[in-house]
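Written out below as structure tokens is the structure these notes cover.
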Protein chains: 2
Amino acid sequence: MPSRAPRDTQDRILDVAERLLQVRGFNGFSYADIASELRIRNASIHHHFPTKADLGVRLLARYRESFAHSLETIERAGGDARRKLRQYARLYANVVREKNRMCLCGMLASDLGTLPRPMRTGVKGFFDDNEAWLGRVLEEGRKSGVLRFGGSARAHARLVLSSLEGAMLVARSYEDVSRFESVAERLLEDLEARS
Amino acid sequence: MPSRAPRDTQDRILDVAERLLQVRGFNGFSYADIASELRIRNASIHHHFPTKADLGVRLLARYRESFAHSLETIERAGGDARRKLRQYARLYANVVREKNRMCLCGMLASDLGTLPRPMRTGVKGFFDDNEAWLGRVLEEGRKSGVLRFGGSARAHARLVLSSLEGAMLVARSYEDVSRFESVAERLLEDLEARS
DNA sequence: GTCTATAAGATGATAGAC
DNA sequence: GTCTATCATCTTATAGAC
């Protein structure tokens, strides 16, 4: 179990930078913001992450791995597809709840036009991961009869992913998590087989 | 009918700034970007829009009015709720198609944490407008039997708005309009009453 | 209304001492 | 690994001539 206590400087930089990125966007924070919060100097951050692109690439990789780990945890917990989808939606709800953050990759998607080249592929990779996982869960749910939807599982996975990302984006504008939750609830209810 | 020819400087500034904002975000463009594109000087822009916040407020108001006008046009064209929703979705598709733009307010929603105070309320206002309109159309469609959905019309309006905003956000990452269109298609098909 | 000139501050980044 | 010092550049913004 990871401790609550601060680990090495590199991790503390990543933690602060991650939050700043999720709240303010990639162009909305600077090395100075991180430095002042950690009470270190600007140059120290450059020692660990020479360029902002380096920092961004590391943040992206870490977030993607962390999310993949969460998906594995949901899988291992078992239960039917309905349950998995609800836990998946809760993952997103927790992000919004935590200081009104946006999904890191949703935020980067909006910043895409100004992103350093090496970061762009990572954003798509994250969405690909999520679509693939959702596609499998949806297919499983349809086969077992607990979910109902038209079209291919993969196409519906895209709808679910888009809807949740959009729900985060809009809910954040109102600083109201419950707005996210009510949209997620409608989305899932429509999927769950009635009758 | 508005002509294609450039009008006064103020409007040309707004047109360029709008595109830059929709592609790069509010923190992703500068007065210098606008100036070089219009081949005028930085100071000329400040003459028309003293601060960037002023420019942002005007862009927001203009976009909101323009969108409201589009909604009225859809209303006047008549037809059933299905048709109105499809035209509404096409509004969004056209934005993405045009140089891979994001909805101006969706973009501002992601920038919200760094936005000048006077701009924040405008973003919510845009979403409120859209939710209200969608709510009316959904209700009308359910009453006339061409649409089917659970829960309140207003709650479903939030789902539709969130899904379309999210679909734009994700589709932009792939620079692929068809990705937006397929998600919108699934969303609408699920709404349309199957006998 | 547009220009030149200029300012004050932020930003990403590097060199080199400790 | 962290610091001080310094950098070129960008960004928003203003003063004042034309």
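Simple scheme: letters A, B, ... for chains in structure tokens order, numbers from 1 for residues in each chain, numbers from 1 for ligands in the order shown.
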
Please find the residues of chain C near chain B - the criterion being any atom within 9 Å, counting only C-alpha atoms (C1' of nucleotides) - and write them as a PDB file with N, CA, C and O atoms (P, O5', C5', C4', C3', O3' and C1' of nucleotides), in the first residue's frame.
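And here is the file that came out, part.pdb:
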ATOM      1  P    DG C   1     -13.521  53.032 -35.515  1.00  0.00           P
ATOM      2  O5'  DG C   1     -12.204  52.646 -36.355  1.00  0.00           O
ATOM      3  C5'  DG C   1     -11.363  53.739 -36.578  1.00  0.00           C
ATOM      4  C4'  DG C   1     -10.168  53.239 -37.297  1.00  0.00           C
ATOM      5  C3'  DG C   1      -9.578  51.941 -36.761  1.00  0.00           C
ATOM      6  O3'  DG C   1      -8.895  51.337 -37.860  1.00  0.00           O
ATOM      7  C1'  DG C   1      -8.100  53.697 -36.305  1.00  0.00           C
ATOM      8  P    DT C   2      -8.290  49.850 -37.804  1.00  0.00           P
ATOM      9  O5'  DT C   2      -6.706  50.005 -37.862  1.00  0.00           O
ATOM     10  C5'  DT C   2      -6.126  50.674 -38.984  1.00  0.00           C
ATOM     11  C4'  DT C   2      -4.759  51.179 -38.607  1.00  0.00           C
ATOM     12  C3'  DT C   2      -3.848  50.140 -37.937  1.00  0.00           C
ATOM     13  O3'  DT C   2      -2.892  49.673 -38.875  1.00  0.00           O
ATOM     14  C1'  DT C   2      -3.632  52.328 -36.978  1.00  0.00           C
ATOM     15  P    DC C   3      -1.652  48.709 -38.430  1.00  0.00           P
ATOM     16  O5'  DC C   3      -0.529  49.728 -37.899  1.00  0.00           O
ATOM     17  C5'  DC C   3       0.204  50.502 -38.845  1.00  0.00           C
ATOM     18  C4'  DC C   3       1.029  51.565 -38.138  1.00  0.00           C
ATOM     19  C3'  DC C   3       2.125  51.007 -37.228  1.00  0.00           C
ATOM     20  O3'  DC C   3       3.320  50.853 -37.983  1.00  0.00           O
ATOM     21  C1'  DC C   3       0.934  52.799 -36.154  1.00  0.00           C
TER      22       DC C   3
END

Distance cut-off 12 Å, counting only C-alpha atoms (C1' of nucleotides) - which residues of chain B neighbour chain D? Return them as a PDB file with all heavy atoms, in the first residue's frame.
ATOM      1  N   ASN B  27      -6.165  29.969 -23.586  1.00  0.00           N
ATOM      2  CA  ASN B  27      -4.769  30.245 -23.224  1.00  0.00           C
ATOM      3  C   ASN B  27      -3.800  29.823 -24.326  1.00  0.00           C
ATOM      4  O   ASN B  27      -2.590  29.893 -24.146  1.00  0.00           O
ATOM      5  CB  ASN B  27      -4.406  29.520 -21.927  1.00  0.00           C
ATOM      6  CG  ASN B  27      -5.265  29.987 -20.771  1.00  0.00           C
ATOM      7  OD1 ASN B  27      -5.426  31.174 -20.545  1.00  0.00           O
ATOM      8  ND2 ASN B  27      -5.854  29.029 -20.046  1.00  0.00           N
ATOM      9  N   GLY B  28      -4.332  29.379 -25.434  1.00  0.00           N
ATOM     10  CA  GLY B  28      -3.490  28.856 -26.505  1.00  0.00           C
ATOM     11  C   GLY B  28      -3.290  29.803 -27.667  1.00  0.00           C
ATOM     12  O   GLY B  28      -2.676  29.443 -28.673  1.00  0.00           O
ATOM     13  N   PHE B  29      -3.803  31.007 -27.550  1.00  0.00           N
ATOM     14  CA  PHE B  29      -3.561  32.005 -28.597  1.00  0.00           C
ATOM     15  C   PHE B  29      -3.327  33.375 -27.958  1.00  0.00           C
ATOM     16  O   PHE B  29      -3.720  33.614 -26.809  1.00  0.00           O
ATOM     17  CB  PHE B  29      -4.731  32.075 -29.580  1.00  0.00           C
ATOM     18  CG  PHE B  29      -5.943  32.802 -29.059  1.00  0.00           C
ATOM     19  CD1 PHE B  29      -6.149  34.136 -29.351  1.00  0.00           C
ATOM     20  CD2 PHE B  29      -6.866  32.141 -28.255  1.00  0.00           C
ATOM     21  CE1 PHE B  29      -7.262  34.812 -28.859  1.00  0.00           C
ATOM     22  CE2 PHE B  29      -7.979  32.810 -27.762  1.00  0.00           C
ATOM     23  CZ  PHE B  29      -8.187  34.150 -28.060  1.00  0.00           C
ATOM     24  N   SER B  30      -2.686  34.249 -28.702  1.00  0.00           N
ATOM     25  CA  SER B  30      -2.352  35.574 -28.181  1.00  0.00           C
ATOM     26  C   SER B  30      -2.769  36.659 -29.177  1.00  0.00           C
ATOM     27  O   SER B  30      -3.088  36.362 -30.332  1.00  0.00           O
ATOM     28  CB  SER B  30      -0.856  35.680 -27.930  1.00  0.00           C
ATOM     29  OG  SER B  30      -0.164  35.707 -29.164  1.00  0.00           O
ATOM     30  N   TYR B  31      -2.747  37.888 -28.728  1.00  0.00           N
ATOM     31  CA  TYR B  31      -3.021  39.016 -29.608  1.00  0.00           C
ATOM     32  C   TYR B  31      -2.079  38.993 -30.807  1.00  0.00           C
ATOM     33  O   TYR B  31      -2.461  39.378 -31.925  1.00  0.00           O
ATOM     34  CB  TYR B  31      -2.880  40.340 -28.840  1.00  0.00           C
ATOM     35  CG  TYR B  31      -4.141  40.753 -28.101  1.00  0.00           C
ATOM     36  CD1 TYR B  31      -4.951  39.814 -27.475  1.00  0.00           C
ATOM     37  CD2 TYR B  31      -4.525  42.090 -28.042  1.00  0.00           C
ATOM     38  CE1 TYR B  31      -6.104  40.204 -26.810  1.00  0.00           C
ATOM     39  CE2 TYR B  31      -5.679  42.485 -27.381  1.00  0.00           C
ATOM     40  CZ  TYR B  31      -6.465  41.536 -26.763  1.00  0.00           C
ATOM     41  OH  TYR B  31      -7.615  41.924 -26.107  1.00  0.00           O
ATOM     42  N   ALA B  32      -0.866  38.555 -30.587  1.00  0.00           N
ATOM     43  CA  ALA B  32       0.113  38.498 -31.678  1.00  0.00           C
ATOM     44  C   ALA B  32      -0.328  37.529 -32.777  1.00  0.00           C
ATOM     45  O   ALA B  32      -0.101  37.784 -33.968  1.00  0.00           O
ATOM     46  CB  ALA B  32       1.474  38.086 -31.141  1.00  0.00           C
ATOM     47  N   ASP B  33      -0.951  36.426 -32.387  1.00  0.00           N
ATOM     48  CA  ASP B  33      -1.439  35.454 -33.367  1.00  0.00           C
ATOM     49  C   ASP B  33      -2.504  36.078 -34.265  1.00  0.00           C
ATOM     50  O   ASP B  33      -2.499  35.895 -35.481  1.00  0.00           O
ATOM     51  CB  ASP B  33      -2.038  34.226 -32.662  1.00  0.00           C
ATOM     52  CG  ASP B  33      -0.997  33.441 -31.883  1.00  0.00           C
ATOM     53  OD1 ASP B  33       0.142  33.330 -32.377  1.00  0.00           O
ATOM     54  OD2 ASP B  33      -1.324  32.948 -30.780  1.00  0.00           O
ATOM     55  N   ASN B  42      -0.478  44.555 -33.116  1.00  0.00           N
ATOM     56  CA  ASN B  42      -0.963  44.202 -31.799  1.00  0.00           C
ATOM     57  C   ASN B  42      -1.819  45.309 -31.160  1.00  0.00           C
ATOM     58  O   ASN B  42      -2.912  45.053 -30.637  1.00  0.00           O
ATOM     59  CB  ASN B  42       0.270  43.976 -30.933  1.00  0.00           C
ATOM     60  CG  ASN B  42       0.034  42.926 -29.893  1.00  0.00           C
ATOM     61  OD1 ASN B  42      -0.944  43.033 -29.169  1.00  0.00           O
ATOM     62  ND2 ASN B  42       0.879  41.917 -29.834  1.00  0.00           N
ATOM     63  N   ALA B  43      -1.320  46.520 -31.224  1.00  0.00           N
ATOM     64  CA  ALA B  43      -1.998  47.644 -30.559  1.00  0.00           C
ATOM     65  C   ALA B  43      -3.373  47.917 -31.159  1.00  0.00           C
ATOM     66  O   ALA B  43      -4.273  48.400 -30.459  1.00  0.00           O
ATOM     67  CB  ALA B  43      -1.135  48.897 -30.636  1.00  0.00           C
ATOM     68  N   SER B  44      -3.530  47.601 -32.445  1.00  0.00           N
ATOM     69  CA  SER B  44      -4.828  47.840 -33.087  1.00  0.00           C
ATOM     70  C   SER B  44      -5.909  46.966 -32.460  1.00  0.00           C
ATOM     71  O   SER B  44      -7.069  47.377 -32.341  1.00  0.00           O
ATOM     72  CB  SER B  44      -4.733  47.526 -34.583  1.00  0.00           C
ATOM     73  OG  SER B  44      -3.753  48.331 -35.187  1.00  0.00           O
ATOM     74  N   ILE B  45      -5.515  45.781 -32.081  1.00  0.00           N
ATOM     75  CA  ILE B  45      -6.491  44.889 -31.459  1.00  0.00           C
ATOM     76  C   ILE B  45      -6.893  45.430 -30.086  1.00  0.00           C
ATOM     77  O   ILE B  45      -8.072  45.415 -29.725  1.00  0.00           O
ATOM     78  CB  ILE B  45      -5.929  43.463 -31.334  1.00  0.00           C
ATOM     79  CG1 ILE B  45      -5.466  42.975 -32.714  1.00  0.00           C
ATOM     80  CG2 ILE B  45      -6.981  42.515 -30.769  1.00  0.00           C
ATOM     81  CD1 ILE B  45      -4.814  41.616 -32.682  1.00  0.00           C
ATOM     82  N   HIS B  46      -5.900  45.938 -29.373  1.00  0.00           N
ATOM     83  CA  HIS B  46      -6.200  46.512 -28.060  1.00  0.00           C
ATOM     84  C   HIS B  46      -7.120  47.734 -28.174  1.00  0.00           C
ATOM     85  O   HIS B  46      -7.870  48.040 -27.252  1.00  0.00           O
ATOM     86  CB  HIS B  46      -4.906  46.910 -27.337  1.00  0.00           C
ATOM     87  CG  HIS B  46      -4.223  45.763 -26.660  1.00  0.00           C
ATOM     88  ND1 HIS B  46      -4.706  45.172 -25.507  1.00  0.00           N
ATOM     89  CD2 HIS B  46      -3.116  45.063 -26.984  1.00  0.00           C
ATOM     90  CE1 HIS B  46      -3.907  44.180 -25.143  1.00  0.00           C
ATOM     91  NE2 HIS B  46      -2.925  44.081 -26.031  1.00  0.00           N
ATOM     92  N   HIS B  47      -7.050  48.404 -29.309  1.00  0.00           N
ATOM     93  CA  HIS B  47      -7.951  49.540 -29.521  1.00  0.00           C
ATOM     94  C   HIS B  47      -9.409  49.066 -29.543  1.00  0.00           C
ATOM     95  O   HIS B  47     -10.284  49.701 -28.963  1.00  0.00           O
ATOM     96  CB  HIS B  47      -7.612  50.251 -30.836  1.00  0.00           C
ATOM     97  CG  HIS B  47      -8.627  51.280 -31.245  1.00  0.00           C
ATOM     98  ND1 HIS B  47      -8.755  52.499 -30.605  1.00  0.00           N
ATOM     99  CD2 HIS B  47      -9.586  51.261 -32.197  1.00  0.00           C
ATOM    100  CE1 HIS B  47      -9.730  53.172 -31.158  1.00  0.00           C
ATOM    101  NE2 HIS B  47     -10.267  52.454 -32.133  1.00  0.00           N
ATOM    102  N   PHE B  49     -10.458  45.858 -28.520  1.00  0.00           N
ATOM    103  CA  PHE B  49     -10.728  45.037 -27.335  1.00  0.00           C
ATOM    104  C   PHE B  49      -9.612  45.266 -26.324  1.00  0.00           C
ATOM    105  O   PHE B  49      -8.599  44.550 -26.364  1.00  0.00           O
ATOM    106  CB  PHE B  49     -10.825  43.563 -27.725  1.00  0.00           C
ATOM    107  CG  PHE B  49     -11.832  43.296 -28.801  1.00  0.00           C
ATOM    108  CD1 PHE B  49     -11.439  43.175 -30.129  1.00  0.00           C
ATOM    109  CD2 PHE B  49     -13.186  43.190 -28.501  1.00  0.00           C
ATOM    110  CE1 PHE B  49     -12.365  42.933 -31.136  1.00  0.00           C
ATOM    111  CE2 PHE B  49     -14.121  42.947 -29.503  1.00  0.00           C
ATOM    112  CZ  PHE B  49     -13.711  42.827 -30.823  1.00  0.00           C
ATOM    113  N   PRO B  50      -9.795  46.253 -25.436  1.00  0.00           N
ATOM    114  CA  PRO B  50      -8.727  46.680 -24.517  1.00  0.00           C
ATOM    115  C   PRO B  50      -8.026  45.508 -23.819  1.00  0.00           C
ATOM    116  O   PRO B  50      -6.805  45.470 -23.780  1.00  0.00           O
ATOM    117  CB  PRO B  50      -9.469  47.561 -23.517  1.00  0.00           C
ATOM    118  CG  PRO B  50     -10.612  48.120 -24.289  1.00  0.00           C
ATOM    119  CD  PRO B  50     -11.028  47.026 -25.242  1.00  0.00           C
ATOM    120  N   THR B  51      -8.794  44.580 -23.267  1.00  0.00           N
ATOM    121  CA  THR B  51      -8.171  43.431 -22.607  1.00  0.00           C
ATOM    122  C   THR B  51      -8.641  42.133 -23.246  1.00  0.00           C
ATOM    123  O   THR B  51      -9.655  42.092 -23.953  1.00  0.00           O
ATOM    124  CB  THR B  51      -8.535  43.386 -21.100  1.00  0.00           C
ATOM    125  OG1 THR B  51      -9.914  43.011 -20.984  1.00  0.00           O
ATOM    126  CG2 THR B  51      -8.293  44.730 -20.437  1.00  0.00           C
ATOM    127  N   LYS B  52      -7.916  41.076 -22.982  1.00  0.00           N
ATOM    128  CA  LYS B  52      -8.283  39.783 -23.541  1.00  0.00           C
ATOM    129  C   LYS B  52      -9.624  39.324 -22.962  1.00  0.00           C
ATOM    130  O   LYS B  52     -10.392  38.622 -23.635  1.00  0.00           O
ATOM    131  CB  LYS B  52      -7.195  38.741 -23.265  1.00  0.00           C
ATOM    132  CG  LYS B  52      -7.212  37.581 -24.241  1.00  0.00           C
ATOM    133  CD  LYS B  52      -6.109  36.557 -23.968  1.00  0.00           C
ATOM    134  CE  LYS B  52      -6.212  35.367 -24.921  1.00  0.00           C
ATOM    135  NZ  LYS B  52      -5.216  34.313 -24.622  1.00  0.00           N
ATOM    136  N   ALA B  53      -9.893  39.714 -21.732  1.00  0.00           N
ATOM    137  CA  ALA B  53     -11.179  39.385 -21.121  1.00  0.00           C
ATOM    138  C   ALA B  53     -12.321  40.030 -21.916  1.00  0.00           C
ATOM    139  O   ALA B  53     -13.361  39.408 -22.136  1.00  0.00           O
ATOM    140  CB  ALA B  53     -11.212  39.855 -19.671  1.00  0.00           C
TER     141      ALA B  53
END

Near Ala109 in chain A, within 7 Å and counting only C-alpha atoms (C1' of nucleotides), which residues show up once chain neighbours fewer than 4 positions away are dropped, as an mmCIF file with all heavy atoms, in the first residue's frame?
data_model
loop_
_atom_site.group_PDB
_atom_site.id
_atom_site.type_symbol
_atom_site.label_atom_id
_atom_site.label_comp_id
_atom_site.auth_asym_id
_atom_site.auth_seq_id
_atom_site.Cartn_x
_atom_site.Cartn_y
_atom_site.Cartn_z
ATOM 1 N N CYS A 105 -7.038 13.085 -19.786
ATOM 2 C CA CYS A 105 -6.998 12.960 -21.244
ATOM 3 C C CYS A 105 -8.096 13.746 -21.936
ATOM 4 O O CYS A 105 -7.922 14.207 -23.064
ATOM 5 C CB CYS A 105 -7.010 11.489 -21.646
ATOM 6 S SG CYS A 105 -5.419 10.703 -21.285
ATOM 7 N N VAL A 123 -2.849 10.529 -25.973
ATOM 8 C CA VAL A 123 -4.256 10.844 -25.718
ATOM 9 C C VAL A 123 -5.154 9.840 -26.438
ATOM 10 O O VAL A 123 -6.084 9.271 -25.856
ATOM 11 C CB VAL A 123 -4.591 12.283 -26.166
ATOM 12 C CG1 VAL A 123 -6.065 12.584 -25.960
ATOM 13 C CG2 VAL A 123 -3.729 13.301 -25.417
ATOM 14 N N LEU B 169 -15.264 16.413 -28.428
ATOM 15 C CA LEU B 169 -13.965 16.415 -27.745
ATOM 16 C C LEU B 169 -13.119 15.217 -28.164
ATOM 17 O O LEU B 169 -11.947 15.362 -28.525
ATOM 18 C CB LEU B 169 -14.204 16.385 -26.230
ATOM 19 C CG LEU B 169 -13.007 16.603 -25.321
ATOM 20 C CD1 LEU B 169 -12.465 18.015 -25.444
ATOM 21 C CD2 LEU B 169 -13.371 16.317 -23.863
ATOM 22 N N VAL B 170 -13.734 14.037 -28.135
ATOM 23 C CA VAL B 170 -12.996 12.818 -28.466
ATOM 24 C C VAL B 170 -12.687 12.749 -29.962
ATOM 25 O O VAL B 170 -11.553 12.446 -30.364
ATOM 26 C CB VAL B 170 -13.772 11.566 -28.027
ATOM 27 C CG1 VAL B 170 -13.058 10.298 -28.481
ATOM 28 C CG2 VAL B 170 -13.955 11.550 -26.509
ATOM 29 N N SER B 173 -9.659 14.543 -31.177
ATOM 30 C CA SER B 173 -8.359 13.912 -30.900
ATOM 31 C C SER B 173 -7.907 13.036 -32.052
ATOM 32 O O SER B 173 -6.720 12.824 -32.261
ATOM 33 C CB SER B 173 -8.423 13.051 -29.638
ATOM 34 O OG SER B 173 -8.987 13.783 -28.578
#

Residue neighbourhood Ile13 in chain A, 9 Å, only C-alpha atoms (C1' of nucleotides), exclusion window fewer than 5 positions, as number ranges by chain: A: 8, 18, 34-35, 38, 45, 48

Using C-alpha atoms, can you write the selected residues to a file as an mmCIF file, in the first residue's frame?
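Resulting contents of part_9.cif:
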data_model
loop_
_atom_site.group_PDB
_atom_site.id
_atom_site.type_symbol
_atom_site.label_atom_id
_atom_site.label_comp_id
_atom_site.auth_asym_id
_atom_site.auth_seq_id
_atom_site.Cartn_x
_atom_site.Cartn_y
_atom_site.Cartn_z
ATOM 1 C CA ASP A 8 10.614 11.543 -3.589
ATOM 2 C CA GLU A 18 -1.248 16.322 -12.549
ATOM 3 C CA ILE A 34 4.588 23.722 -9.281
ATOM 4 C CA ALA A 35 7.736 25.150 -7.687
ATOM 5 C CA LEU A 38 6.315 22.468 -3.402
ATOM 6 C CA ILE A 45 11.903 20.760 -11.699
ATOM 7 C CA HIS A 48 13.786 15.995 -13.121
#

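Put simply, CA of Arg19 in chain B is 10.2 Å away from CA of Cys103 in chain B.
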
Assign secondary structure with DSSP using the backbone only, and return the residues of range 18-161 of chain B in alpha helix (DSSP H) as a ChimeraX atom specification. /B:18-24,31-38,42-48,52-77,81-97,104-111,117-144,153-161
